[in-house]
Amino acid sequence: MKTRWLRFSIPLAVVPVLLLLAYGFWTNPREIPSPLIGKPAAKFTLTSFAGDPVSLERYRGRVVMLNFWASWCRPACYEEAPVIERTWQAYRDKGVVVLGVDVQDQDEAARKFIEQFQHSFPNSPDPGGHVAVDYGVYGVPETFFIDRQGRVRFKQVGELTDAIARERLETLLAEKP
Amino acid sequence: MIPELGYGATVAALGLALWGMVAAATGGRTGRLDLLRSGERAAIGVWILITACIALMLYAFLTFDFSVRYVAFNTNRGTPFYYRVTALWGALEGSIILWSWMLSIYTLIVVVQYRRRQPELYPWVLSVMLGILAFFLLIMTVPAPPFERLQPIPPDGRGLNPLLEDSGMITHPVALYLGFTGFTVPYAFAMAALIVGRTGEEWITITRRWTIIAWYFLSLGLLIGGWWSYHVLGWGGYWAWDPVENSAFMPWLTATAFLHSVMIQERRRMLKLWNLSLIILTFGLTLFGTFLTRSGIIGSVHAFTQGSIGVFFLAFLALVLVGSFSLLASRMERLRGQGELDSVVSRESAFLLNNLLLVAATFTVFFGTVFPLLSEAVRGTKVSVGAPFFNLVNIPIFLGLLFLMGVGPLIAWRRASPDNLRRNFLKPVLAGVVAAAAFRILGVGNAIVLTAFGLVIFVAGTILLDYVRAVRARRRSGDDWGAATWGLLRRQNRRYGGFVVHLGILVIALGVAGSQAWSSETETTLTKGQSVELGGYRVRFDGLEASEESNHFKVTGAFTMTNDGRAPAMLHPARKFYPQEQTPIAAVDYRLGLMKDVYLVLGDFARDGSQATVKLKINWMVSWLWIGGLVLTLGGALAILPDRRRPA
Amino acid sequence: MTPLLVAAAALVLLAGGPARAASPPAVNEETVHEIASQLRCVVCQSLSVADSPSETASQMRGIIRERLAAGETPAQVRDYFVDKYGPWILLSPPRRGFDLLVWVAPFLVLGIGLVMVALVVRRWRRAPSRVSPPALDSAVRERIRREMEELDR
């Protein structure tokens with residue numbers, strides 16, 4: 001009889017819901033895909049901790065690695081800080097520029113951070129968070145890789161490693177200018 | 001030592017629970033009393049072992065035993081004493097111990113209460129409860145063992161999440177879990193009834209008090225959660241439609257529906273299938289809530305850690321839902337209703353609508369919570385579903401429920417004649433309309449708030465009408481008002497307990513409506529000596545002070561608040577900097593009042609103390625929520641008193 | 001209550017003023033609050049930018065204020081955030097396309113539920129009482145009426 005089987009529709013109806021929940025195991029709710037990939041990187045002009053103006057436009061034609069950090073971001077920013085400096089040293093003569101943007105930080109603590117890791121690339125505070133929001137930053141650390149035409153190509157959420165930095169930079173450097 | 005002892009106790013408890021489940025079920029099936037008794041003894045053993053686990057863990061906390069990973073991750077040498085005790089349930093593993101312990105206590109109570117009184121159902125109830133206990137013990141053994149050893153033993157622990165260093169932390173999980181686990185008993189009885197074939201009203205009558213008590217604790221847990229959110233999290237609100245808040249709210253909604261629809265089955269023998277489905281759904285939702293909090297599939301302010309625990313919970317949830325509903329489906333023939341109805345306008349219809357609205361609200365909350373997941377699964381885009389959605393859809397539903405709250409208790413069963421309607425509702429309806437008009441004149445423009453106020457007066461009017469009539473009837477036999485009231489409360493404690501609970505809900509509804517309608521806020525940066533004004537209050541920034549606490553660094557602001565004529569008050573909102581936290585935690589300061597709360601949050605500040613950014617909020621009628629909770633407590637207590645009346 | 005609300009709004013505007021002495025003509029704080037309440041605070045869970053006490057939210061509110069002061073419409077300000085963060089930043093999905101499902105589904109369920117309740121009530125009404133009541137004399141009928149009235153109370 002039709003009705004005998006119909007009654008089991010309720011236990012069966014539960015199954016798709018359970019499957020959807022199971023799908024949730026494969027996703028990471030904290031990972032938000034960036035809509036900026038492939039789009040022109042937002043222009044900005046900041047004043048570095050050293051007092052010099054830092055403008056993205058000046059570096060058109062070179063590959064830019066834009067790193068957002070903060071001194072209160074433990075442990076990730078502290079683990080990747082040496083990586084950033086190493087990458088800078090390795091690639092500065094190959095047409096790569098590394099820029100650091102310090103978000104929501106205190107001046108003193110930020111300078112201590114830069115001092116601790118001996119960062120030799122331009123680092124600037126971001127008053128008001130304009131640049132951070134312009135890049136859709138929702139946590140630190142985040143690193144953006146911008147190609148020679150000024151387009152955002154990759155976004156690294158979380159700690160950067162030597163391997164990832166190398167891979168991204170090599171890819172962008174290999175492209176025709 | 002402690003890790004090994006604790007782990008051993010957990011494994012032993014798991015084994016006992018599994019044995020007890022099988023023994024009780026076999027005892028029930030075959031009638032072998034010796035097996036049943038063995039199952040009982042197993043239940044007692046499980047309780048003893050879990051209590052031992054708790055004692056061991058508490059000892060480890062109090063003696064700073066950082067060889068236990070759980071202790072090291074959740075306290076440090078600076079954690080104050082009472083928080084070392086409550087840290088027991090401060091994180092995932094400990095919360096499962098608490099849950100299991102409560103379940104084991106409830107199982108013991110079931111053993112004591114029902115072994116003689118319900119010989120037919122009892123073995124299966126015991127078996128189901130031990131089976132559920134076994135699952136939680138399995139969690140404690142495999143994916144989330146609380147007694148893991150930490151090597152090498154660290155000199156100091158990480159510390160408790162600073163948001164949990166609060167009185168709300170002590171009570172909120174306890175109340176919530178008492179609620180969640182409480183629904184296991186009606187569920188177990190429902191399963192037993194289905195298995196044994198006694199699908200009448202019996203299982204409902206037996207578990208009536210359990211349902212009310214569990215519902216009460218769940219309500220309390222939700223309210224305390226709101227209070228905690230309000231005075232700790234620093235945003236000045238009490239409910240954010242956060243996924244984990246939602247997951248505790250859903251079983252509350254279905255439990256409320258269940259509470260009401262069982263009244264129909266008791267009086268009119270209808271809705272058997274529906275009631276069984278509702279309790280299965282309620283129990284399933286309590287598991288779903290636990291799953292959501294711990295699996296990490298949906299981000300939330302509450303979320304504990306991830307790991308394989310989510311898989312275990314999902315598997316168990318699947319087993320429970322598919323298994324229970326299949327059992328239900330296979331017993332459908334026994335669930336024919338026996339009642340009749342003469343009119344659409346009747347109490348039965350009102351209760352049906354009540355259930356419909358509550359289930360619709362449950363669906364809304366559920367769908368909104370999982371929609372981001374669905375969106376990602378179907379088209380790969382991440383979207384958010386937040387407060388605007390939930391408020392928009394649920395507010396009309398809640399207003400409808402408010403209305404039914406007034407109609408339900410007074411409308412006649414089977415058929416409400418026009419006469420019955422007029423006698424019971426004319427005056428309250430008029431009162432409601434007049435009240436809404438009065439508020440409109442007083443300047444309330446928001447249509448929703450007006451409707452809410454009008455409905456509250458309407459419902460209060462119906463309760464008052466019923467009460468006055470009942471007391472008048474008693475007075476005819478010579479009682480005075482006091483004696484009459486007391487007699488009513490005592491002899492019709494279910495009905496009047498329900499009324500008092502409804503009154504509590506009304507007070508809460510007023511608080512919600514008022515706080516949404518009239519609250520205001522402002523954010524500004526002040527220099528020393530400068531003031532900000534809002535709603536008749538003036539707050540002056542006097543300075544900042546830094547201090548070193550046992551486990552954090554604190555910057556406290558000094559503010560003087562004046563309010564036309566009253567004595568000035570000092571407010572001290574602070575920002576706390578914990579070494580293990582990335583961003584500072586706001587410690588809000590506030591002055592609570594019956595009608596208005598003043599709420600001050602310290603934001604960014606200049607290092608030299610010359611400037612500070614503050615958010616000042618004047619929150620209206622939030623205290624009514626907590627007062628409503630007190631009224632709810634009274635109503636619940638009244639409702640579960642032993643019946644003075646012999647049923648006719 | 002209206003005078004109080006108006007005073008509050010005015011004071012909010014005034015309170016915002018002196019602290020930012022160098023800022024352009026006063027932006028309506030209510031509009032800022034409204035836009036902020038539709039955006040999701042990116043570092044919290046489930047809180048809006050309007051409600052969140054975090055530093056990020058404070059900065060975002062500042063950006064909203066600046067953009068409004070520069071002449072953008074609320075819709076443009078919202079679109080700016082969506083361009084940078086994706087549709088996830090909106091606290092409620094737009095009522096378009098697939099997202100329409102979440103807005104419509106609850107009302108659909110409510111509608112289907114109402115239909116089902118109506119069907120159930122009809123079924124209950126149809127169940128006929130098989131026994132026809134015996135004839136009653138008027139005295140009994142009167143007594144029954146009185147007692148029913150008592151019950152109804």
# chains A, B, ... in the order shown; residues from 1 in each chain; ligands from 1
>>> residues_around(residues="A:Pro33", least_positions_apart="3", cutoff="12 Å", atoms="only C-alpha atoms", output="list in words")
Thr27, Asn28, Pro29, Arg30, Leu36, Ile37, Gly136, Val137, Tyr138, Phe154, Lys155, Gln156 and Val157 of chain A; Glu376, Gly380, Thr381, Lys382 and Val383 of chain B; Lys84, Tyr85, Gly86, Pro87, Trp88 and Ile89 of chain C
>>> select_by_dssp(residues="stretch 343-572 of chain B", states="helix (DSSP H, G or I)", output="ChimeraX atom specification")
/B:347-379,387-407,418-442,447-475,481-491,493-518
>>> interface_residues(of="chain A", to="chain C", cutoff="12 Å", atoms="only C-alpha atoms", output="PyMOL selection string")
chain A and resi 29-37+39-42+103-105+126-140+152
>>> residues_around(residues="stretch 549-552 of chain B", least_positions_apart="6", cutoff="8 Å", atoms="only C-alpha atoms", output="mmCIF file with C-alpha atoms, in the first residue's frame")
data_model
loop_
_atom_site.group_PDB
_atom_site.id
_atom_site.type_symbol
_atom_site.label_atom_id
_atom_site.label_comp_id
_atom_site.auth_asym_id
_atom_site.auth_seq_id
_atom_site.Cartn_x
_atom_site.Cartn_y
_atom_site.Cartn_z
ATOM 1 C CA GLY B 78 46.695 33.503 38.513
ATOM 2 C CA THR B 79 43.182 32.190 38.040
ATOM 3 C CA LYS B 576 41.612 44.208 30.173
ATOM 4 C CA PHE B 577 44.703 42.946 28.402
ATOM 5 C CA TYR B 578 45.278 39.239 28.840
ATOM 6 C CA PRO B 579 48.556 37.813 27.587
#
>>> select_by_dssp(residues="chain A", states="strand (DSSP E or B)", output="PyMOL selection string")
chain A and resi 40+45-47+53-55+63-69+96-102+123-125+142-146+151-157
>>> write_last_selection(atoms="C-alpha atoms", output="short mmCIF file (atom, residue, chain, number, x, y, z; two decimals), in the first residue's frame")
data_model
loop_
_atom_site.label_atom_id
_atom_site.label_comp_id
_atom_site.auth_asym_id
_atom_site.auth_seq_id
_atom_site.Cartn_x
_atom_site.Cartn_y
_atom_site.Cartn_z
CA PRO A 40 43.27 46.22 -9.58
CA THR A 45 49.56 56.58 0.28
CA LEU A 46 50.77 56.13 3.83
CA THR A 47 53.53 57.60 5.93
CA PRO A 53 55.64 58.61 2.13
CA VAL A 54 54.79 55.12 0.84
CA SER A 55 52.63 54.96 -2.23
CA VAL A 63 55.78 42.67 -8.04
CA VAL A 64 54.50 43.82 -4.65
CA MET A 65 54.09 41.73 -1.51
CA LEU A 66 51.78 43.64 0.82
CA ASN A 67 51.79 42.33 4.37
CA PHE A 68 49.28 43.37 7.07
CA TRP A 69 50.45 42.77 10.65
CA VAL A 96 59.97 42.63 -5.92
CA VAL A 97 58.92 45.16 -3.32
CA VAL A 98 57.78 44.23 0.19
CA LEU A 99 55.52 46.65 2.03
CA GLY A 100 54.23 46.29 5.56
CA VAL A 101 51.05 47.82 6.94
CA ASP A 102 50.52 47.89 10.70
CA ASN A 123 56.46 49.68 7.25
CA SER A 124 53.60 52.10 7.80
CA PRO A 125 50.79 52.47 10.32
CA GLU A 142 47.21 38.69 5.78
CA THR A 143 49.49 39.05 2.79
CA PHE A 144 48.58 40.16 -0.72
CA PHE A 145 50.59 39.46 -3.84
CA ILE A 146 50.20 42.15 -6.49
CA ARG A 151 46.35 43.59 -9.88
CA VAL A 152 45.81 41.55 -6.75
CA ARG A 153 46.60 37.96 -7.67
CA PHE A 154 46.89 35.99 -4.46
CA LYS A 155 45.85 36.45 -0.88
CA GLN A 156 47.46 34.58 1.96
CA VAL A 157 45.33 34.48 5.07
#
>>> interface_residues(of="chain B", to="chain C", cutoff="7 Å", atoms="only C-alpha atoms", output="compact mmCIF listing (two decimals) with C-alpha atoms, in the first residue's frame")
# COMPACT_ATOMS: atom_id res chain seq x y z
CA GLY B 234 30.39 45.01 25.83
CA TRP B 235 27.95 45.59 23.02
CA ALA B 240 22.56 38.44 18.71
CA TRP B 241 21.05 35.50 16.83
CA ASP B 242 24.46 33.91 17.00
CA GLY B 299 31.62 29.93 13.20
CA SER B 300 30.33 31.38 16.41
CA VAL B 301 31.37 33.33 19.46
CA GLY B 339 -11.19 13.22 19.45
CA GLU B 340 -13.67 15.35 17.67
CA LEU B 341 -14.13 18.98 17.16
CA ASP B 342 -17.21 21.03 16.52
CA SER B 343 -15.77 24.31 15.44
CA VAL B 344 -12.70 25.90 14.05
CA LEU B 352 -2.74 23.94 16.93
CA LEU B 356 2.31 25.89 14.07
CA ALA B 360 7.56 27.82 12.00
CA PHE B 363 12.25 26.27 11.08
CA THR B 364 13.13 29.90 10.50
CA GLY B 368 18.73 30.82 8.76
CA PHE B 371 21.70 28.70 5.08
CA LYS B 382 29.63 32.55 1.45
CA VAL B 383 26.78 34.67 2.78
CA SER B 384 25.78 35.76 6.24
CA VAL B 385 22.39 35.43 7.82
CA GLY B 386 22.12 37.63 10.85
CA PRO B 388 17.97 41.56 10.43
CA PHE B 389 16.68 38.33 8.90
CA ALA B 412 -13.72 26.89 25.15
CA LEU B 442 2.37 59.21 24.15
CA GLY B 443 4.52 59.18 21.05
CA VAL B 444 5.41 55.60 20.27
CA THR B 522 26.28 57.55 21.16
CA THR B 524 32.48 59.90 21.02
CA THR B 525 36.05 60.73 21.96
CA LEU B 526 36.47 62.77 25.11
CA VAL B 532 29.00 63.64 26.69
CA GLU B 533 25.24 63.87 27.07
CA LEU B 534 22.51 61.47 26.15
CA GLY B 535 18.92 61.08 27.23
>>> residues_around(residues="B:Asn563", least_positions_apart="4", cutoff="7 Å", atoms="only C-alpha atoms", output="ChimeraX atom specification")
/B:536-538
>>> interface_residues(of="chain B", to="chain A", cutoff="9 Å", atoms="only C-alpha atoms", output="JSON, numbers by chain")
{"B": [295, 296, 297, 298, 299, 310, 311, 314, 315, 317, 318, 321, 322, 323, 324, 325, 326, 328, 329, 330, 332, 370, 373, 374, 376, 377, 381, 382, 580, 581, 582, 583, 607]}
